[in-house]
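**Q** Structure below; questions to follow.
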Amino acid sequence: MQATVTNTNMRRRERTKSKGGMGRAIKYLTNYRREAALPYIFLIVATLSQLAVPNMIRRVIDAVTSGYIADQVLGALDKIPAAFMGAALPKILDALKYPADLTADQLKVQLAADVANAPQALINALILIVVFAVLRGVFAFLQAYWAEKNSQAVAYDLRNDLYSKIQTLSFSYHDKNQTGQLMIRATDDVEKVRLFIGQGLLQLVGAFILLVGTIIILFSSNVSLAWTVMPILPIALVLFVIFAGLSRPMFAQVQQKLSALNTVLQENLAGIKVIKAFTREKQQQDKFKARADDTMDQAIKLSRLFTFMFPLVFMIANLGQASILYFGGKAIIAGTLSLGAWQEFSMYLMYLFMPIMMMGMIITQFGQASASADRIFEILDAKNDITDKPSAAKLPAVKGHVKFEKVTFRYFGGGEPVLSDVTFEANPGESIALLGSTGSGKTTIINLLPRFYDLSEGKITIDDHDLREVTLESLRSQIGIVLQETTLFSGTVRENIAFGKPDATQQEIEAAARAAQAHDFIMSFPEGYNTHVGERGQTLSGGQKQRVAIARALLLNPRILILDDSTSSVDLNTEAAIQKALDVLMQGRTSFVIAQRISTVMNADKILVLERGKVVAIGKHAD
């Protein structure tokens with residue numbers, strides 16, 4: 001119970017430290033400073049080109065309407081009797097907004113000029129519209145390209161950092177965290193962060209520029225109309241702030257449900273043979289369906305929030321449009337606003353509410369990305385239990401003198417000890433056999449030797465060097481390990497044997513394979529050492545995988561050798577052959593052998609019998 005509370009508190013602290021993950025993810029852009037600035041420069045040009053278009057449309061409308069009105073008035077002037085011209089002229093000049101001191105003849109000249117200039121003004125405005133449209137299109141493309149390129153670069157860095165961190169985290173971290181959850185953070189969570197950096201962040205900056213630019217233009221063109229829509233703007237912004245606060249934890253829950261779903265999927269795919277062997281397909285389908293239902297229910301809750309938000313925002317935007325229609329219409333009737341100016345104002349009003357409505361998509365992306373970024377940095381901030389001390393020295397070439405001095409070990413630092421007061425010594429070249437029932441502590445001893453875990457009490461030394469005072473790389477590079485659970489990687493047999501020494505020659509690889517009694521069965525394959533072993537070595541038998549793993553360890557020519565029940569998956573004849581080779585290879589090396597069969601450890605120099613984490617007997621087989 002105490003360990004559970006400790007683990008819960010530790011995870012809570014990790015979550016607290018990882019808050020603000022979105023800001024930290026965005027800082028990855030600083031690795032590409034010049035490239036990171038480019039999409040925002042292109043965005044400014046594209047947005048300014050967009051802001052120029054309504055003014056061009058106003059010029060088109062004003063050119064058409066002024067030309068049409070001038071033509072109609074010019075035709076009407078000829079029908080007005082000279083006696084009435086004096087009284088009508090001031091009203092005509094006032095209606096057309098012409099200077100009041102024009103004579104009738106000057107008015108006709110001006111009207112004729114307006115009619116003649118209207119087509120050219122129309123063409124000029126249309127050309128400018130095309131120019132700004134081309135500018136916007138070109139720079140929008142450049143903006144999108146560089147934003148996508150930068151976001152892919154950030155995702156690349158995040159995935160590499162995650163993989164590097166996961167590789168360096170201690171066994172205790174992996175004991176507490178499921179593989180499926182780690183996979184979803186390195187794939188789906190990183191992709192959500194990438195999408196926001198590549199799209200949402202740019203849209204956010206673009207929305208801000210468009211909003212500020214539109215407000216400036218609205219007030220500079222018509223202050224009274226601008227004030228009619230301004231009260232609606234803060235209402236919409238407050239709504240988005242509220243929705244953002246509500247949606248963020250819901251996005252985090254969606255990702256958690258998705259992680260649980262992915263974990264079930266990963267476990268079922270890894271254990272498909274066991275599921276089929278025990279005919280548990282229906283039960284596992286039900287388990288997967290339950291996780292899928294949880295994920296869907298949480299996603300529907302989130303969708304319900306946004307399906308309520310968007311119509312509400314559209315309604316507010318429509319209220320602003322209605323106010324412009326009403327007050328703008330009155331101004332046109334009163335003659336204080338031209339049709340072109342009203343159309344220009346209406347388009348800028350759309351630009352005013354467009355960024356507000358874009359906030360909905362931005363908030364959606366930000367909520368997802370923020371929750372995902374926090375989950376990513378939970379891993380990047382995770383404390384590694386096994387690290388090099390700042391003063392750690394490189395372990396020199398060892399002879400293999402190993403001492404355990406009153407070693408006690410507890411998993412996760414609490415609970416009952418797995419090992420208790422274990423003391424023994426292995427001289428260089430000795431083979432030490434570990435015997436005992438399941439759970440007696442045999443595997444724990446060999447896990448402490450390469451510092452997969454750190455002991456709770458006591459001391460372990462190699463050639464009188466405390467393991468905690470030397471670097472992990474220099475320690476582990478001098479220890480060859482064959483684990484009970486054989487792990488091979490997708491690739492060829494040659495690549496798997498040379499996994500710890502990629503530059504090994506073919507002769508060295510074959511020598512290690514012969515020593516492990518693996519050469520003959522490898523050569524029986526059509527492609528020999530270039531045979532692909534399949535995922536986790538599925539194309540090889542258990543005994544074959546075990547012998548490849550032994551060859552992999554022997555290729556390193558280690559001074560210390562760990563064999564964790566390494567002959568458990570082979571038949572008696574193969575075991576005898578492997579044991580004969582191992583007897584020769586273990587000469588001059590300090591070897592630790594775990595075995596269930598007495599025959600495997602008969603020739604050991606020292607046998608340790610463990611029971612409930614304690615050494616209850618030490619001696620040779622004859623003893």
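For the structure tokens, the naming scheme is as follows: chains receive sequential letters (A, B, ...) according to their order of presentation, residues are indexed from 1 within each chain, and ligands are indexed from 1 in presentation order.
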Just want the 10 Å neighbourhood of A:Met56, counted on only C-alpha atoms, with same-chain residues fewer than 4 positions away dropped. Output as an mmCIF file with C-alpha atoms, in the first residue's frame.
**A**
data_model
loop_
_atom_site.group_PDB
_atom_site.id
_atom_site.type_symbol
_atom_site.label_atom_id
_atom_site.label_comp_id
_atom_site.auth_asym_id
_atom_site.auth_seq_id
_atom_site.Cartn_x
_atom_site.Cartn_y
_atom_site.Cartn_z
ATOM 1 C CA LEU A 51 -6.659 42.949 -46.325
ATOM 2 C CA ALA A 52 -6.154 44.997 -49.507
ATOM 3 C CA VAL A 60 -14.755 48.477 -58.548
ATOM 4 C CA ILE A 61 -18.220 49.152 -57.151
ATOM 5 C CA ASP A 62 -17.626 52.902 -56.858
ATOM 6 C CA LEU A 122 -12.713 49.457 -63.202
ATOM 7 C CA ASN A 124 -7.209 49.234 -62.732
ATOM 8 C CA ALA A 125 -9.084 47.950 -59.683
ATOM 9 C CA LEU A 126 -9.530 44.509 -61.236
ATOM 10 C CA ILE A 127 -5.829 44.318 -62.113
ATOM 11 C CA LEU A 128 -4.925 45.179 -58.515
ATOM 12 C CA ILE A 129 -7.329 42.504 -57.242
ATOM 13 C CA VAL A 130 -5.591 39.923 -59.449
ATOM 14 C CA PHE A 132 -3.067 40.871 -54.634
ATOM 15 C CA GLY A 340 -18.892 50.601 -52.391
ATOM 16 C CA GLU A 344 -16.056 47.218 -48.232
#
**Q** Do a neighbour search on A:Ile26 at 12 Å with only C-alpha atoms, toss out local chain neighbours closer than 6 positions, and write the hits as a list of chain:residue names.
**A**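 These residues fall inside the cut-off: A:Gly20, A:Tyr32, A:Arg33, A:Ala36, A:Asn150, A:Ser151, A:Ala153, A:Val154, A:Ala155, A:Asp157, A:Leu158, A:Val193, A:Arg194, A:Leu195, A:Phe196, A:Ile197, A:Gly198, A:Gly200, A:Leu201, A:Leu202, A:Phe366, A:Ala369, A:Ser370, A:Ala373.
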**Q** Give me a file of those residues, with C-alpha atoms, as a PDB file, in the first residue's frame.
**A**
ATOM      1  CA  GLY A  20       3.491  23.922 -19.987  1.00  0.00           C
ATOM      2  CA  TYR A  32      15.722  26.271 -36.844  1.00  0.00           C
ATOM      3  CA  ARG A  33      15.690  30.029 -36.267  1.00  0.00           C
ATOM      4  CA  ALA A  36      11.188  29.096 -38.341  1.00  0.00           C
ATOM      5  CA  ASN A 150       9.430  23.152 -39.696  1.00  0.00           C
ATOM      6  CA  SER A 151       6.729  21.112 -37.956  1.00  0.00           C
ATOM      7  CA  ALA A 153      11.580  18.917 -38.129  1.00  0.00           C
ATOM      8  CA  VAL A 154      10.160  19.506 -34.631  1.00  0.00           C
ATOM      9  CA  ALA A 155       8.379  16.135 -34.726  1.00  0.00           C
ATOM     10  CA  ASP A 157      13.487  16.071 -32.850  1.00  0.00           C
ATOM     11  CA  LEU A 158      10.731  15.163 -30.393  1.00  0.00           C
ATOM     12  CA  VAL A 193       1.874  18.539 -31.396  1.00  0.00           C
ATOM     13  CA  ARG A 194       3.275  18.673 -34.940  1.00  0.00           C
ATOM     14  CA  LEU A 195      -0.115  19.580 -36.411  1.00  0.00           C
ATOM     15  CA  PHE A 196      -0.531  22.498 -34.024  1.00  0.00           C
ATOM     16  CA  ILE A 197       2.984  23.825 -34.645  1.00  0.00           C
ATOM     17  CA  GLY A 198       2.579  23.420 -38.406  1.00  0.00           C
ATOM     18  CA  GLY A 200      -2.640  25.865 -35.483  1.00  0.00           C
ATOM     19  CA  LEU A 201       0.177  28.138 -34.320  1.00  0.00           C
ATOM     20  CA  LEU A 202       0.412  29.755 -37.748  1.00  0.00           C
ATOM     21  CA  PHE A 366      -4.402  23.503 -29.154  1.00  0.00           C
ATOM     22  CA  ALA A 369      -1.666  19.357 -28.776  1.00  0.00           C
ATOM     23  CA  SER A 370      -1.385  20.768 -25.253  1.00  0.00           C
ATOM     24  CA  ALA A 373       2.714  17.808 -25.198  1.00  0.00           C
TER      25      ALA A 373
END
